[in-house]
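Shown here: final_34.cif, mmCIF, C-alpha atoms and all ligand atoms.
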data_run
#
loop_
_atom_site.label_atom_id
_atom_site.label_comp_id
_atom_site.auth_asym_id
_atom_site.auth_seq_id
_atom_site.Cartn_x
_atom_site.Cartn_y
_atom_site.Cartn_z
CA MET A 95 -36.95 6.72 21.15
CA ALA A 96 -39.70 8.60 22.93
CA LEU A 97 -42.74 8.30 20.69
CA VAL A 98 -46.38 9.39 20.49
CA HIS A 99 -49.39 7.16 19.79
CA SER A 100 -51.00 9.79 17.57
CA GLU A 101 -54.32 7.94 17.59
CA LEU A 102 -54.48 8.29 21.40
CA CYS A 103 -53.18 11.87 21.68
CA VAL A 104 -55.92 14.49 22.12
CA GLY A 105 -53.57 17.45 21.75
CA CYS A 106 -54.09 18.74 25.31
CA GLY A 107 -50.48 20.02 25.41
CA LYS A 108 -49.93 18.85 28.99
CA CYS A 109 -46.69 17.09 28.08
CA VAL A 110 -45.08 20.06 26.29
CA PRO A 111 -43.64 21.98 29.29
CA TYR A 112 -42.27 18.82 30.92
CA CYS A 113 -39.58 18.19 28.32
CA PRO A 114 -36.23 19.61 29.54
CA MET A 115 -35.07 19.92 25.95
CA GLY A 116 -38.18 21.60 24.53
CA ALA A 117 -38.42 18.69 22.11
CA ILE A 118 -42.21 18.23 22.36
CA SER A 119 -44.55 20.48 20.41
CA LEU A 120 -48.07 20.30 19.05
CA SER A 121 -48.41 19.81 15.34
CA GLY A 122 -51.73 19.35 13.60
CA GLY A 123 -53.48 18.90 16.95
CA VAL A 124 -51.23 16.09 18.21
CA ALA A 125 -47.95 15.98 20.13
CA SER A 126 -44.81 15.67 18.08
CA ILE A 127 -41.27 14.90 19.31
CA ASP A 128 -38.17 16.34 17.65
CA GLN A 129 -36.05 13.18 17.65
CA ASP A 130 -32.80 15.06 17.11
CA GLU A 131 -33.36 17.19 20.22
CA CYS A 132 -34.83 14.42 22.41
CA VAL A 133 -32.15 13.08 24.78
CA GLU A 134 -34.24 10.07 25.92
CA CYS A 135 -34.37 11.29 29.51
CA GLY A 136 -37.60 9.34 30.03
CA LEU A 137 -39.34 12.21 31.82
CA CYS A 138 -42.32 12.27 29.48
CA THR A 139 -42.68 8.50 29.13
CA GLU A 140 -42.06 7.33 32.72
CA ASN A 141 -44.06 9.78 34.82
CA ALA A 142 -47.70 9.34 33.82
CA ILE A 143 -47.77 12.87 32.47
CA CYS A 144 -50.09 12.03 29.61
CA PRO A 145 -53.74 11.47 30.61
CA LYS A 146 -54.22 9.29 27.52
CA LYS A 147 -51.02 7.22 27.90
CA ALA A 148 -50.07 8.35 24.42
CA LEU A 149 -46.34 8.75 25.16
CA TYR A 150 -44.15 5.67 25.16
CA ALA A 151 -40.58 4.46 24.70
CA PRO A 152 -39.38 1.26 23.00
CA GLU A 153 -38.12 -1.58 25.18
CA SER A 154 -34.57 -0.94 23.99
CA PHE A 155 -32.69 1.64 21.96
CA PRO A 156 -30.34 0.87 19.06
CA TRP A 157 -26.67 1.84 19.19
CA PRO A 158 -25.62 4.67 19.38
CA ARG A 159 -28.97 6.23 20.35
CA VAL A 160 -28.91 4.19 23.56
CA LEU A 161 -26.19 6.57 24.78
CA ARG A 162 -28.79 9.34 25.03
CA SER A 163 -30.69 7.30 27.55
CA GLU A 164 -27.60 6.15 29.46
CA PHE A 165 -26.35 9.70 29.90
CA SER A 166 -29.71 11.42 30.44
CA ASN A 167 -32.03 9.01 32.25
CA PRO A 168 -30.98 8.23 35.85
CA HIS A 169 -33.03 5.02 35.71
CA CYS A 170 -31.01 3.68 32.81
CA PRO A 171 -27.92 1.64 33.79
CA HIS A 172 -24.74 2.75 32.09
CA ARG A 173 -22.55 0.27 30.25
CA THR A 174 -19.44 1.50 32.12
CA GLY A 175 -21.05 0.75 35.48
CA VAL A 176 -20.17 4.29 36.60
CA THR A 177 -23.06 5.76 38.52
CA GLY A 178 -24.05 9.41 38.34
CA ARG A 179 -22.48 11.56 35.67
CA GLY A 180 -18.93 10.41 36.27
CA THR A 181 -17.58 12.40 39.19
CA GLU A 182 -17.61 9.47 41.60
CA GLU A 183 -13.82 9.51 41.89
CA MET A 184 -13.67 13.23 42.60
CA LYS A 185 -16.51 13.20 45.08
CA THR A 186 -15.00 10.36 47.08
CA ASN A 187 -11.57 11.95 47.44
CA ASP A 188 -11.90 12.25 51.19
CA VAL A 189 -12.37 8.47 51.34
CA THR A 190 -9.88 7.38 48.69
CA GLY A 191 -7.28 10.13 49.18
CA ARG A 192 -6.50 10.08 45.46
CA TYR A 193 -5.95 13.83 45.11
CA ARG A 194 -2.84 14.48 47.15
CA PHE A 195 -1.06 17.80 47.67
CA GLY A 196 0.35 18.95 44.35
CA LYS A 197 -2.38 17.17 42.36
CA LEU A 198 -5.62 18.65 41.06
CA GLY A 199 -8.80 17.13 39.77
CA PHE A 200 -10.13 19.03 36.79
CA ALA A 201 -13.51 18.42 35.19
CA VAL A 202 -15.33 20.10 32.33
CA GLU A 203 -19.11 19.76 32.51
CA LEU A 204 -20.77 20.20 29.14
CA GLY A 205 -24.50 20.69 28.71
CA ARG A 206 -27.42 21.29 31.01
CA PRO A 207 -31.19 20.74 30.79
CA GLY A 208 -32.35 23.17 28.13
CA THR A 209 -29.19 22.99 26.06
CA GLY A 210 -27.90 19.42 26.21
CA ALA A 211 -24.54 18.60 24.65
CA ARG A 212 -23.38 16.51 21.73
CA PHE A 213 -20.39 14.22 22.00
CA ARG A 214 -18.91 16.21 19.11
CA ASP A 215 -18.42 19.10 21.54
CA MET A 216 -17.06 16.80 24.25
CA GLU A 217 -14.52 15.55 21.71
CA LYS A 218 -13.32 19.12 21.09
CA VAL A 219 -12.53 19.33 24.80
CA THR A 220 -10.90 15.90 25.08
CA MET A 221 -8.71 16.57 22.03
CA ALA A 222 -7.65 19.99 23.35
CA LEU A 223 -6.74 18.55 26.76
CA ALA A 224 -4.97 15.51 25.31
CA LYS A 225 -2.44 17.81 23.61
CA ILE A 226 -1.07 18.89 27.01
CA PRO A 227 1.83 16.60 28.01
CA GLY A 228 1.12 14.53 31.10
CA VAL A 229 -2.66 14.94 31.08
CA HIS A 230 -4.32 11.76 32.30
CA PHE A 231 -8.03 11.13 31.63
CA GLU A 232 -9.99 9.62 34.49
CA GLU A 233 -11.00 6.16 33.32
CA LYS A 234 -14.01 5.58 35.60
CA ASN A 235 -16.00 8.05 33.58
CA PRO A 236 -18.76 7.47 31.00
CA VAL A 237 -17.26 9.93 28.49
CA TYR A 238 -13.87 8.20 28.74
CA ALA A 239 -15.54 4.96 27.63
CA LEU A 240 -16.24 6.62 24.26
CA ILE A 241 -12.68 7.85 23.65
CA GLU A 242 -11.04 5.51 21.15
CA ASP A 243 -7.56 7.05 21.44
CA PRO A 244 -6.65 8.53 24.87
CA HIS A 245 -3.41 9.95 23.41
CA SER A 246 -5.26 12.22 20.98
CA GLY A 247 -8.60 12.43 22.82
CA LYS A 248 -10.38 11.22 19.66
CA MET A 249 -13.82 9.77 20.34
CA ARG A 250 -15.67 7.13 18.32
CA ASP A 251 -17.01 8.64 15.08
CA ASP A 252 -20.35 6.86 15.38
CA VAL A 253 -21.30 8.64 18.62
CA LEU A 254 -20.40 12.23 17.77
CA ASP A 255 -23.88 13.38 16.69
CA GLU A 256 -25.63 11.92 19.72
CA LYS A 257 -27.04 14.49 22.13
CA VAL A 258 -27.34 14.01 25.89
CA LEU A 259 -28.40 16.21 28.80
CA SER A 260 -24.82 16.58 29.97
CA GLY A 261 -21.46 14.88 30.13
CA ILE A 262 -18.31 15.39 32.16
CA VAL A 263 -14.71 15.17 30.97
CA GLU A 264 -12.34 14.51 33.86
CA ILE A 265 -8.57 14.65 34.15
CA MET A 266 -6.01 14.57 36.93
CA ILE A 267 -3.11 17.04 36.64
CA ASP A 268 -0.12 18.39 38.51
CA GLU A 269 -0.78 21.84 39.97
CA ALA A 270 1.90 23.28 37.68
CA GLN A 271 -0.14 22.22 34.63
CA LEU A 272 -3.19 24.27 35.60
CA PRO A 273 -2.36 27.40 33.52
CA ASP A 274 -1.84 25.28 30.38
CA VAL A 275 -5.07 23.38 30.96
CA LEU A 276 -7.09 26.56 31.51
CA GLN A 277 -5.57 28.21 28.43
CA ALA A 278 -6.41 25.17 26.30
CA LEU A 279 -9.97 25.31 27.54
CA LYS A 280 -10.21 29.06 26.87
CA GLN A 281 -9.26 28.41 23.25
CA VAL A 282 -11.80 25.67 22.71
CA GLU A 283 -14.70 27.37 24.55
CA PRO A 284 -15.81 29.62 21.63
CA THR A 285 -16.15 26.58 19.36
CA LEU A 286 -18.60 24.78 21.66
CA ASP A 287 -22.27 24.68 20.75
CA THR A 288 -23.33 24.30 24.38
CA VAL A 289 -22.65 25.66 27.85
CA CYS A 290 -19.82 24.41 30.02
CA SER A 291 -18.45 24.88 33.50
CA VAL A 292 -15.20 23.81 35.12
CA ASP A 293 -14.79 21.89 38.37
CA LEU A 294 -11.49 22.04 40.21
CA ILE A 295 -10.75 19.63 43.04
CA SER A 296 -7.93 20.61 45.38
CA ARG A 297 -6.76 19.88 48.88
CA VAL A 298 -6.75 22.85 51.23
CA GLN A 299 -3.38 23.91 52.70
CA ALA A 300 -2.87 23.84 56.48
CA ASP A 301 -3.27 27.64 56.58
CA GLY A 302 -6.62 27.38 54.81
CA SER A 303 -5.39 28.65 51.45
CA ILE A 304 -5.99 27.03 48.05
CA PRO A 305 -3.14 28.19 45.76
CA ALA A 306 -4.85 26.94 42.60
CA LEU A 307 -7.61 29.50 43.06
CA ASP A 308 -5.20 32.39 42.43
CA VAL A 309 -4.23 30.84 39.09
CA VAL A 310 -7.87 30.42 38.13
CA ARG A 311 -8.78 34.00 39.04
CA LYS A 312 -5.78 35.43 37.16
CA LEU A 313 -7.07 33.76 34.00
CA GLY A 314 -10.42 35.47 34.39
CA TYR A 315 -12.58 32.63 35.67
CA TYR A 316 -15.29 33.32 38.23
CA VAL A 317 -14.69 31.10 41.25
CA SER A 318 -17.50 29.57 43.28
CA PRO A 319 -15.88 27.53 46.11
CA ASN A 320 -17.86 24.49 47.19
CA CYS A 321 -17.25 21.96 49.91
CA LYS A 322 -18.72 18.48 50.15
CA THR A 323 -18.43 15.97 52.95
CA ASN A 324 -19.00 12.29 52.22
CA LEU A 325 -20.02 10.24 55.23
CA GLY A 326 -18.72 7.02 53.71
CA PHE A 327 -21.73 4.87 54.55
CA GLY A 328 -20.63 2.44 51.87
CA HIS A 329 -17.67 1.50 54.06
CA LEU A 330 -19.61 0.77 57.26
S1 LIG B 1 -50.20 14.92 27.22
FE1 LIG B 1 -50.73 13.15 25.93
S2 LIG B 1 -52.69 13.68 25.00
FE2 LIG B 1 -51.80 15.59 25.77
S3 LIG B 1 -50.66 16.44 24.01
FE3 LIG B 1 -49.21 15.22 25.22
S4 LIG B 1 -49.25 13.18 24.26
FE4 LIG B 1 -51.08 14.27 23.55
S1 LIG B 2 -37.67 11.60 26.58
FE1 LIG B 2 -37.06 13.52 27.63
S2 LIG B 2 -36.05 14.73 26.04
FE2 LIG B 2 -37.24 13.14 24.98
S3 LIG B 2 -39.20 14.09 24.51
FE3 LIG B 2 -39.44 13.01 26.48
S4 LIG B 2 -39.00 14.58 28.04
FE4 LIG B 2 -38.22 15.35 26.07
#
Output the structure of this file as structure tokens.
Ligand code: SF4
Ligand code: SF4
Amino acid sequence: MALVHSELCVGCGKCVPYCPMGAISLSGGVASIDQDECVECGLCTENAICPKKALYAPESFPWPRVLRSEFSNPHCPHRTGVTGRGTEEMKTNDVTGRYRFGKLGFAVELGRPGTGARFRDMEKVTMALAKIPGVHFEEKNPVYALIEDPHSGKMRDDVLDEKVLSGIVEIMIDEAQLPDVLQALKQVEPTLDTVCSVDLISRVQADGSIPALDVVRKLGYYVSPNCKTNLGFGHL
């Protein structure tokens, strides 16, 4: 866990604004880190912010705290081997062609710098989505690795209190399932103790239309269309 050598700290406060979780404060003239809020992003310990080198991290983290680092620090390798935050499959659709007409990629992003997200909230989403017949969780996803029962969406009990900067729950669905999925998410949203946004991945029809967008708008979601082109350098 990110720690402070209190005998080295001079209480200059330089480190305080760098923490994306607001976990660092000054107490009694020295820096103090709220360990429950710290997501082990490594920003304060890896970037020479402290003029006295008073901030440090242990060589390794115990389970399950290590998950904070794996989900929040881009320098920390993840046990699943999935790079990024888990949308690799969705972002490479134009290379893999996985999302065909009639299929949709659906992702729920929980947490952001400033709020973070606990796996307890991610479990609320996975359990709500798992109740919909035919929903299939994407397996190349760091959150999926913590689900102990894909049929119920139940995650491991020992990870639920861990907090990370953000996590993404991903599923693939038939287009016809979209209203049920959005309704399930609407019901669970008020119970979440964090922010969330929804990503929808769809092929565009030959006439340029995206039928799924009408469904999303009818259910009151604000739509922000995005397009991404992968050059596929990995295949050269
Ligand atoms: S930057 Fe270093 S010396 Fe200054 S308050 Fe933070 S830990 Fe202490
Ligand atoms: S490791 Fe990240 S979250 Fe933890 S105290 Fe440092 S900057 Fe804040």
_List the spatial neighbours of Gln271 in chain A as a PyMOL selection string - criterion: any atom at most 9 Å away, only C-alpha atoms, same-chain residues fewer than 4 positions off excluded._
chain A and resi 226-229+267+275-276
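Coordinates place CA of Leu313 in chain A at a distance of 11.6 Å from CA of Ala278 in chain A.
When all atoms listed in the file are used to measure the gap to Cys113 in chain A, the shortest distance among A:Leu286, A:Cys138, A:Leu204, A:Ile241 belongs to A:Cys138.
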Would you place a box with edges along x, y and z of the file around all atoms of range 265-276 of chain A listed there, add 4 Å to each of its six sides, and report the centre and edge lengths in Å to one decimal, as JSON?
{"center_x": -3.3, "center_y": 21.0, "center_z": 35.2, "size_x": 18.5, "size_y": 20.8, "size_z": 17.6}
*Of the residues A:Thr174, A:Ser154, A:Gln277, A:Ser163, which is the one nearest to ligand LIG 2 (chain B), using only C-alpha atoms and all ligand atoms?*
A:Ser163
Could you check which residues have any atom within 12 Å of (-23.8, 0.3, 31.3), counting all atoms listed in the file with coordinates taken straight from the file, and then list them as an mmCIF file with C-alpha atoms, in the frame of the given file?
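Full text of result.cif as output:
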data_model
loop_
_atom_site.group_PDB
_atom_site.id
_atom_site.type_symbol
_atom_site.label_atom_id
_atom_site.label_comp_id
_atom_site.auth_asym_id
_atom_site.auth_seq_id
_atom_site.Cartn_x
_atom_site.Cartn_y
_atom_site.Cartn_z
ATOM 1 C CA VAL A 160 -28.910 4.190 23.560
ATOM 2 C CA LEU A 161 -26.190 6.570 24.780
ATOM 3 C CA SER A 163 -30.690 7.300 27.550
ATOM 4 C CA GLU A 164 -27.600 6.150 29.460
ATOM 5 C CA PHE A 165 -26.350 9.700 29.900
ATOM 6 C CA PRO A 168 -30.980 8.230 35.850
ATOM 7 C CA HIS A 169 -33.030 5.020 35.710
ATOM 8 C CA CYS A 170 -31.010 3.680 32.810
ATOM 9 C CA PRO A 171 -27.920 1.640 33.790
ATOM 10 C CA HIS A 172 -24.740 2.750 32.090
ATOM 11 C CA ARG A 173 -22.550 0.270 30.250
ATOM 12 C CA THR A 174 -19.440 1.500 32.120
ATOM 13 C CA GLY A 175 -21.050 0.750 35.480
ATOM 14 C CA VAL A 176 -20.170 4.290 36.600
ATOM 15 C CA THR A 177 -23.060 5.760 38.520
ATOM 16 C CA GLY A 178 -24.050 9.410 38.340
ATOM 17 C CA LYS A 234 -14.010 5.580 35.600
ATOM 18 C CA ASN A 235 -16.000 8.050 33.580
ATOM 19 C CA PRO A 236 -18.760 7.470 31.000
ATOM 20 C CA VAL A 237 -17.260 9.930 28.490
ATOM 21 C CA ALA A 239 -15.540 4.960 27.630
#
Select from range 230-269 of chain A every residue with an atom at most 7 Å from any atom of range 127-136 of chain A, then for each give the shortest pair of atoms and their distance in Å to one decimal, using all atoms listed in the file, rows by chain and rising number, as a Markdown table.
| residue | atom | partner | partner_atom | distance |
| --- | --- | --- | --- | --- |
| A:Lys257 | CA | A:Val133 | CA | 5.9 |
| A:Val258 | CA | A:Val133 | CA | 5.0 |
| A:Leu259 | CA | A:Val133 | CA | 6.3 |
*Of the candidates A:Pro145, A:Gly247, A:Gly210, A:Pro305, which one gets nearest to ligand LIG 1 (chain B) if we count all atoms listed in the file?*
A:Pro145
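Comparing the minimum interatomic distances between Thr288 in chain A and each of A:Gly314, A:Pro207, A:Pro152, A:Gly116, counting all atoms listed in the file, we find that A:Pro207 sits nearest.
One finds CA of Glu242 in chain A at 11.1 Å from CA of Thr220 in chain A.
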